[in-house]
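Asks: Sharing target-v9.cif here; it has mmCIF, N, CA and C atoms and all ligand atoms.
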```cif
data_structure
#
loop_
_atom_site.label_atom_id
_atom_site.label_comp_id
_atom_site.auth_asym_id
_atom_site.auth_seq_id
_atom_site.Cartn_x
_atom_site.Cartn_y
_atom_site.Cartn_z
N MET H 1 -25.67 16.92 11.00
CA MET H 1 -25.73 17.01 9.55
C MET H 1 -25.39 18.43 9.09
N ASP H 2 -24.98 18.52 7.86
CA ASP H 2 -24.57 19.81 7.36
C ASP H 2 -25.59 20.42 6.41
N GLY H 3 -26.77 19.84 6.35
CA GLY H 3 -27.81 20.40 5.49
C GLY H 3 -27.85 19.77 4.12
N SER H 4 -26.85 18.96 3.77
CA SER H 4 -26.81 18.33 2.46
C SER H 4 -27.53 17.00 2.45
N GLY H 5 -28.01 16.56 3.63
CA GLY H 5 -28.64 15.26 3.71
C GLY H 5 -27.64 14.17 4.03
N SER H 6 -26.38 14.50 4.05
CA SER H 6 -25.33 13.53 4.34
C SER H 6 -25.16 13.37 5.84
N LEU H 7 -24.72 12.17 6.24
CA LEU H 7 -24.41 11.95 7.64
C LEU H 7 -22.95 12.26 7.93
N ASP H 8 -22.21 12.71 6.92
CA ASP H 8 -20.81 13.07 7.14
C ASP H 8 -20.73 14.29 8.05
N ARG H 9 -19.58 14.38 8.74
CA ARG H 9 -19.35 15.53 9.62
C ARG H 9 -17.96 16.07 9.37
N TRP H 10 -17.78 17.37 9.62
CA TRP H 10 -16.47 18.00 9.53
C TRP H 10 -15.82 17.98 10.92
N TYR H 11 -14.54 17.63 10.94
CA TYR H 11 -13.79 17.58 12.20
C TYR H 11 -12.54 18.45 12.08
N ASP H 12 -12.30 19.23 13.11
CA ASP H 12 -11.08 20.04 13.23
C ASP H 12 -9.97 19.10 13.67
N ILE H 13 -8.90 18.96 12.85
CA ILE H 13 -7.88 17.97 13.20
C ILE H 13 -6.57 18.58 13.69
N CYS H 14 -6.17 19.72 13.16
CA CYS H 14 -4.92 20.34 13.62
C CYS H 14 -4.74 21.66 12.88
N ALA H 15 -3.68 22.36 13.24
CA ALA H 15 -3.32 23.57 12.52
C ALA H 15 -2.43 23.21 11.33
N LEU H 16 -2.47 24.03 10.30
CA LEU H 16 -1.61 23.79 9.13
C LEU H 16 -0.14 23.68 9.56
N GLU H 17 0.27 24.52 10.51
CA GLU H 17 1.68 24.51 10.95
C GLU H 17 2.06 23.23 11.69
N ASP H 18 1.07 22.46 12.09
CA ASP H 18 1.37 21.20 12.77
C ASP H 18 1.89 20.12 11.82
N ILE H 19 1.73 20.37 10.52
CA ILE H 19 2.22 19.41 9.52
C ILE H 19 3.37 20.06 8.78
N PRO H 20 4.55 19.46 8.79
CA PRO H 20 5.67 20.06 8.07
C PRO H 20 5.42 20.10 6.56
N VAL H 21 6.01 21.08 5.89
CA VAL H 21 5.91 21.14 4.44
C VAL H 21 6.50 19.84 3.87
N ARG H 22 5.78 19.24 2.93
CA ARG H 22 6.13 17.94 2.33
C ARG H 22 6.14 16.84 3.38
N GLY H 23 5.31 17.03 4.38
CA GLY H 23 5.20 16.02 5.44
C GLY H 23 3.77 15.58 5.61
N SER H 24 3.52 14.89 6.70
CA SER H 24 2.18 14.36 6.93
C SER H 24 1.92 14.15 8.40
N ARG H 25 0.68 13.79 8.67
CA ARG H 25 0.25 13.50 10.04
C ARG H 25 -0.82 12.41 9.95
N ARG H 26 -0.86 11.56 10.94
CA ARG H 26 -1.86 10.49 10.97
C ARG H 26 -3.06 10.92 11.81
N VAL H 27 -4.24 10.55 11.32
CA VAL H 27 -5.48 10.82 12.05
C VAL H 27 -6.25 9.51 12.15
N GLY H 28 -6.62 9.12 13.35
CA GLY H 28 -7.39 7.90 13.53
C GLY H 28 -8.88 8.18 13.41
N HIS H 29 -9.61 7.22 12.85
CA HIS H 29 -11.07 7.30 12.83
C HIS H 29 -11.62 5.89 12.86
N ALA H 30 -12.92 5.75 12.90
CA ALA H 30 -13.53 4.43 13.09
C ALA H 30 -13.14 3.44 12.00
N GLY H 31 -12.86 3.94 10.80
CA GLY H 31 -12.54 3.05 9.69
C GLY H 31 -11.06 2.74 9.54
N GLY H 32 -10.22 3.29 10.41
CA GLY H 32 -8.78 3.06 10.29
C GLY H 32 -8.00 4.33 10.50
N THR H 33 -6.89 4.44 9.80
CA THR H 33 -6.02 5.60 9.94
C THR H 33 -5.93 6.33 8.61
N ILE H 34 -5.99 7.64 8.70
CA ILE H 34 -5.91 8.50 7.52
C ILE H 34 -4.60 9.27 7.58
N GLY H 35 -3.96 9.41 6.44
CA GLY H 35 -2.79 10.28 6.34
C GLY H 35 -3.24 11.64 5.83
N VAL H 36 -2.78 12.69 6.50
CA VAL H 36 -3.07 14.06 6.05
C VAL H 36 -1.74 14.63 5.58
N PHE H 37 -1.68 15.03 4.32
CA PHE H 37 -0.43 15.38 3.66
C PHE H 37 -0.41 16.86 3.29
N ARG H 38 0.74 17.50 3.50
CA ARG H 38 0.91 18.91 3.12
C ARG H 38 1.98 18.98 2.05
N THR H 39 1.65 19.60 0.93
CA THR H 39 2.60 19.66 -0.18
C THR H 39 3.45 20.93 -0.10
N ALA H 40 4.47 20.98 -0.94
CA ALA H 40 5.32 22.17 -1.02
C ALA H 40 4.51 23.38 -1.50
N GLY H 41 3.46 23.13 -2.26
CA GLY H 41 2.59 24.20 -2.76
C GLY H 41 1.51 24.60 -1.77
N GLN H 42 1.62 24.12 -0.54
CA GLN H 42 0.70 24.45 0.55
C GLN H 42 -0.70 23.88 0.36
N LYS H 43 -0.82 22.84 -0.44
CA LYS H 43 -2.10 22.13 -0.53
C LYS H 43 -2.11 21.04 0.54
N VAL H 44 -3.31 20.69 0.98
CA VAL H 44 -3.47 19.65 1.98
C VAL H 44 -4.41 18.59 1.42
N PHE H 45 -4.03 17.33 1.58
CA PHE H 45 -4.84 16.21 1.11
C PHE H 45 -4.97 15.18 2.22
N ALA H 46 -6.03 14.40 2.15
CA ALA H 46 -6.21 13.31 3.11
C ALA H 46 -6.58 12.04 2.35
N ALA H 47 -5.95 10.94 2.75
CA ALA H 47 -6.20 9.65 2.10
C ALA H 47 -5.92 8.54 3.10
N ASP H 48 -6.45 7.37 2.81
CA ASP H 48 -6.15 6.23 3.66
C ASP H 48 -4.64 6.10 3.83
N ASN H 49 -4.23 5.78 5.05
CA ASN H 49 -2.80 5.69 5.34
C ASN H 49 -2.19 4.37 4.89
N LYS H 50 -3.04 3.40 4.58
CA LYS H 50 -2.57 2.04 4.29
C LYS H 50 -2.43 1.84 2.79
N CYS H 51 -1.22 1.57 2.35
CA CYS H 51 -0.96 1.34 0.93
C CYS H 51 -1.71 0.10 0.46
N PRO H 52 -2.39 0.17 -0.71
CA PRO H 52 -3.12 -1.00 -1.20
C PRO H 52 -2.22 -2.13 -1.68
N HIS H 53 -0.92 -1.88 -1.82
CA HIS H 53 -0.02 -2.96 -2.24
C HIS H 53 0.16 -3.95 -1.10
N ARG H 54 0.89 -3.56 -0.07
CA ARG H 54 1.09 -4.47 1.07
C ARG H 54 0.98 -3.75 2.40
N GLY H 55 0.18 -2.70 2.42
CA GLY H 55 -0.14 -2.07 3.69
C GLY H 55 0.89 -1.09 4.23
N GLY H 56 1.78 -0.63 3.42
CA GLY H 56 2.79 0.33 3.88
C GLY H 56 2.17 1.60 4.44
N PRO H 57 2.82 2.21 5.43
CA PRO H 57 2.29 3.44 6.05
C PRO H 57 2.61 4.66 5.19
N LEU H 58 1.64 5.09 4.41
CA LEU H 58 1.90 6.17 3.45
C LEU H 58 2.28 7.48 4.12
N SER H 59 1.84 7.69 5.36
CA SER H 59 2.21 8.93 6.05
C SER H 59 3.71 8.98 6.35
N GLU H 60 4.41 7.87 6.17
CA GLU H 60 5.86 7.85 6.33
C GLU H 60 6.56 7.90 4.98
N GLY H 61 5.78 8.12 3.92
CA GLY H 61 6.33 8.18 2.58
C GLY H 61 6.83 9.57 2.23
N ILE H 62 7.22 9.71 0.98
CA ILE H 62 7.75 10.99 0.48
C ILE H 62 6.65 11.72 -0.27
N VAL H 63 6.37 12.97 0.17
CA VAL H 63 5.37 13.81 -0.49
C VAL H 63 6.07 14.64 -1.56
N HIS H 64 5.58 14.56 -2.79
CA HIS H 64 6.16 15.33 -3.90
C HIS H 64 5.04 15.75 -4.81
N ASP H 65 5.10 16.95 -5.31
CA ASP H 65 4.00 17.64 -6.01
C ASP H 65 2.69 17.28 -5.32
N SER H 66 1.74 16.65 -5.96
CA SER H 66 0.49 16.28 -5.28
C SER H 66 0.39 14.76 -5.16
N ALA H 67 1.51 14.14 -4.83
CA ALA H 67 1.54 12.68 -4.74
C ALA H 67 2.36 12.25 -3.53
N VAL H 68 2.22 10.97 -3.18
CA VAL H 68 3.04 10.40 -2.12
C VAL H 68 3.62 9.08 -2.64
N THR H 69 4.88 8.85 -2.28
CA THR H 69 5.53 7.60 -2.62
C THR H 69 5.59 6.73 -1.38
N CYS H 70 5.10 5.52 -1.49
CA CYS H 70 5.06 4.59 -0.36
C CYS H 70 6.49 4.27 0.09
N PRO H 71 6.71 4.24 1.41
CA PRO H 71 8.06 4.00 1.91
C PRO H 71 8.52 2.55 1.75
N LEU H 72 7.61 1.62 1.49
CA LEU H 72 8.04 0.22 1.44
C LEU H 72 8.57 -0.21 0.07
N HIS H 73 7.78 0.02 -0.99
CA HIS H 73 8.22 -0.47 -2.30
C HIS H 73 8.14 0.61 -3.38
N GLY H 74 7.86 1.84 -2.97
CA GLY H 74 7.98 2.95 -3.91
C GLY H 74 6.81 3.19 -4.84
N TRP H 75 5.67 2.58 -4.59
CA TRP H 75 4.51 2.89 -5.43
C TRP H 75 4.11 4.34 -5.18
N VAL H 76 3.59 4.97 -6.24
CA VAL H 76 3.25 6.39 -6.16
C VAL H 76 1.74 6.57 -6.33
N PHE H 77 1.14 7.36 -5.44
CA PHE H 77 -0.30 7.61 -5.47
C PHE H 77 -0.57 9.10 -5.58
N ASP H 78 -1.49 9.43 -6.50
CA ASP H 78 -1.93 10.80 -6.66
C ASP H 78 -2.85 11.15 -5.49
N LEU H 79 -2.54 12.20 -4.75
CA LEU H 79 -3.32 12.53 -3.57
C LEU H 79 -4.63 13.24 -3.91
N GLU H 80 -4.75 13.75 -5.13
CA GLU H 80 -6.01 14.39 -5.51
C GLU H 80 -7.07 13.34 -5.84
N THR H 81 -6.66 12.28 -6.53
CA THR H 81 -7.62 11.26 -6.97
C THR H 81 -7.52 9.97 -6.17
N GLY H 82 -6.39 9.73 -5.56
CA GLY H 82 -6.14 8.48 -4.85
C GLY H 82 -5.58 7.40 -5.76
N ALA H 83 -5.56 7.62 -7.06
CA ALA H 83 -5.15 6.60 -8.00
C ALA H 83 -3.64 6.43 -8.04
N ALA H 84 -3.23 5.18 -8.25
CA ALA H 84 -1.81 4.90 -8.44
C ALA H 84 -1.36 5.52 -9.75
N ARG H 85 -0.11 5.95 -9.77
CA ARG H 85 0.44 6.56 -10.98
C ARG H 85 1.30 5.55 -11.74
N GLY H 86 1.44 5.80 -13.03
CA GLY H 86 2.31 4.97 -13.86
C GLY H 86 1.84 3.54 -13.91
N ALA H 87 2.78 2.62 -13.76
CA ALA H 87 2.48 1.19 -13.87
C ALA H 87 1.94 0.62 -12.57
N ASP H 88 1.92 1.42 -11.51
CA ASP H 88 1.43 0.92 -10.22
C ASP H 88 -0.09 0.77 -10.26
N GLU H 89 -0.61 -0.04 -9.34
CA GLU H 89 -2.03 -0.37 -9.36
C GLU H 89 -2.69 -0.02 -8.03
N GLY H 90 -4.00 0.11 -8.07
CA GLY H 90 -4.74 0.34 -6.84
C GLY H 90 -5.15 1.78 -6.69
N CYS H 91 -5.94 2.01 -5.65
CA CYS H 91 -6.47 3.34 -5.42
C CYS H 91 -6.69 3.55 -3.93
N LEU H 92 -6.38 4.72 -3.46
CA LEU H 92 -6.62 5.09 -2.06
C LEU H 92 -7.96 5.78 -1.96
N LYS H 93 -8.64 5.57 -0.84
CA LYS H 93 -9.83 6.39 -0.58
C LYS H 93 -9.33 7.76 -0.13
N THR H 94 -9.90 8.79 -0.71
CA THR H 94 -9.52 10.14 -0.32
C THR H 94 -10.68 10.79 0.45
N TYR H 95 -10.35 11.83 1.19
CA TYR H 95 -11.33 12.50 2.04
C TYR H 95 -11.24 14.01 1.80
N PRO H 96 -12.39 14.70 1.82
CA PRO H 96 -12.37 16.16 1.66
C PRO H 96 -11.68 16.82 2.85
N VAL H 97 -10.79 17.74 2.56
CA VAL H 97 -10.16 18.55 3.61
C VAL H 97 -10.17 20.00 3.17
N GLU H 98 -10.14 20.88 4.13
CA GLU H 98 -10.02 22.31 3.82
C GLU H 98 -9.25 23.01 4.92
N VAL H 99 -8.49 24.02 4.51
CA VAL H 99 -7.78 24.86 5.47
C VAL H 99 -8.60 26.13 5.60
N ARG H 100 -9.10 26.37 6.80
CA ARG H 100 -9.98 27.53 7.01
C ARG H 100 -9.16 28.78 7.30
N GLU H 101 -9.85 29.90 7.35
CA GLU H 101 -9.17 31.20 7.48
C GLU H 101 -8.28 31.30 8.70
N ASP H 102 -8.63 30.60 9.76
CA ASP H 102 -7.81 30.65 10.98
C ASP H 102 -6.64 29.69 10.93
N GLY H 103 -6.44 29.03 9.79
CA GLY H 103 -5.30 28.14 9.63
C GLY H 103 -5.53 26.73 10.15
N ARG H 104 -6.73 26.43 10.57
CA ARG H 104 -7.04 25.08 11.05
C ARG H 104 -7.43 24.19 9.87
N ILE H 105 -7.05 22.93 9.94
CA ILE H 105 -7.40 21.96 8.91
C ILE H 105 -8.62 21.17 9.38
N TRP H 106 -9.60 21.09 8.51
CA TRP H 106 -10.83 20.34 8.80
C TRP H 106 -10.94 19.21 7.79
N ILE H 107 -11.46 18.08 8.27
CA ILE H 107 -11.65 16.91 7.41
C ILE H 107 -13.10 16.47 7.52
N ARG H 108 -13.63 15.99 6.39
CA ARG H 108 -15.01 15.51 6.38
C ARG H 108 -15.00 13.97 6.38
N LEU H 109 -15.64 13.41 7.41
CA LEU H 109 -15.66 11.96 7.58
C LEU H 109 -17.09 11.49 7.84
N PRO H 110 -17.33 10.21 7.58
CA PRO H 110 -18.64 9.67 7.94
C PRO H 110 -18.84 9.77 9.45
N ALA H 111 -20.04 10.13 9.86
CA ALA H 111 -20.34 10.20 11.29
C ALA H 111 -20.29 8.80 11.89
N CYS H 112 -19.82 8.70 13.10
CA CYS H 112 -19.71 7.40 13.78
C CYS H 112 -21.06 6.99 14.35
S1 LIG T 201 3.39 -1.55 0.53
FE1 LIG T 201 3.30 0.32 -0.55
S2 LIG T 201 4.39 -0.04 -2.36
FE2 LIG T 201 4.41 -1.95 -1.32
#
```
Give the structure from the file, written as structure tokens.
Replies:
Amino acid sequence: MDGSGSLDRWYDICALEDIPVRGSRRVGHAGGTIGVFRTAGQKVFAADNKCPHRGGPLSEGIVHDSAVTCPLHGWVFDLETGAARGADEGCLKTYPVEVREDGRIWIRLPAC
């Protein structure tokens, strides 16, 4: 525990340089697969990798500003909120991530 009373834990997943700019990386966990996305502005976000439309792999989508476009049918999801943009529907679960001083990316997930 981290002292907040939560059973969530922080996990070191990779270095920032391991994810290309405007690219992503997949991280497996007990609940499925998470996409970790790096934007052109050097922000990092984490969200479920499975598109709520028909399950497209969002980590293979196009990262632009703070959003990702699904590679299958082009739905766009805001990576800060997880919400679909525009006329698209649905919402991704998002996860807290942080880039620490040593350049490592950490993600907070429910403890297994
Ligand atoms: S599966 Fe993602 S937009 Fe259709």
Asks: Between CA of Lys93 in chain H and atom C of Arg38 in chain H, what distance in Å does the model show, to one decimal?
Replies: 17.5 Å
Asks: With all atoms listed in the file as the basis for distance, which of H:Val76, H:Val36, H:Cys14, H:Leu7 is at the shortest distance from ligand LIG 201 (chain T)?
Replies: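 Residue with the minimum atom-to-atom distance to ligand LIG 201 (chain T): H:Val76.
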Asks: Could you check how far atom C of Phe37 in chain H sits from atom N of Trp10 in chain H, in Å to one decimal?
Replies: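 Taking atom C of Phe37 in chain H and atom N of Trp10 in chain H, their separation equals 18.5 Å.
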Asks: List all protein, DNA and RNA residues that have any atom at most 12 Å from ligand LIG 201 (chain T), counting only C-alpha atoms and all ligand atoms, and write the list as a PyMOL selection string.
Replies: chain H and resi 48-62+68-77+84-85+87-92
Asks: Give me, please, the distance in Å between CA of Val99 in chain H and atom C of Lys43 in chain H, quoted to one decimal.
Replies: 8.4 Å
Asks: Neighbouring residues of Arg9 in chain H were defined as those with any atom within 6 Å, considering only N, CA and C atoms; residues of the same chain fewer than 3 positions away were excluded. Please report them as a list of chain:residue names.
Replies: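 Selected residues are H:Ile107, H:Arg108, H:Leu109, H:Pro110, H:Ala111.
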Asks: Determine which residues of chain H receive a DSSP assignment of strand (DSSP E or B), computed from the backbone, and state them as number ranges by chain.
Replies: H: 8-15, 23-29, 32-38, 44-48, 50, 57, 62-64, 67-69, 76-78, 83-84, 91, 94-95, 97-99, 104-110
Asks: Using DSSP secondary structure from the backbone, list all helix (DSSP H, G or I) positions within chain H, as a list in words.
Replies: Leu16, Glu17, Asp18, Leu58, Ser59 and Glu60 of chain H
Asks: Go through range 54-94 of chain H residue by residue and, counting only C-alpha atoms, keep those with an atom at most 9 Å from range 19-22 of chain H; for each kept residue give the shortest atom pair and its distance in Å to one decimal, ordered by chain and increasing number, as JSON lines.
Replies:
```
{"residue": "H:Ile62", "atom": "CA", "partner": "H:Arg22", "partner_atom": "CA", "distance": 7.4}
{"residue": "H:Val63", "atom": "CA", "partner": "H:Arg22", "partner_atom": "CA", "distance": 5.1}
{"residue": "H:His64", "atom": "CA", "partner": "H:Arg22", "partner_atom": "CA", "distance": 6.8}
{"residue": "H:Asp65", "atom": "CA", "partner": "H:Arg22", "partner_atom": "CA", "distance": 8.6}
```
Asks: Taking into account only N, CA and C atoms, which residue in the set H:Ser24, H:Gln42, H:Thr33, H:Ser66 is nearest to Leu79 in chain H?
Replies: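 Smallest distance to Leu79 in chain H is found for H:Ser66.
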Asks: Give me the residues within 6 Å of range 101-105 of chain H as a PyMOL selection string, counting only N, CA and C atoms and dropping any in the same chain fewer than 4 places off.
Replies: chain H and resi 11-16
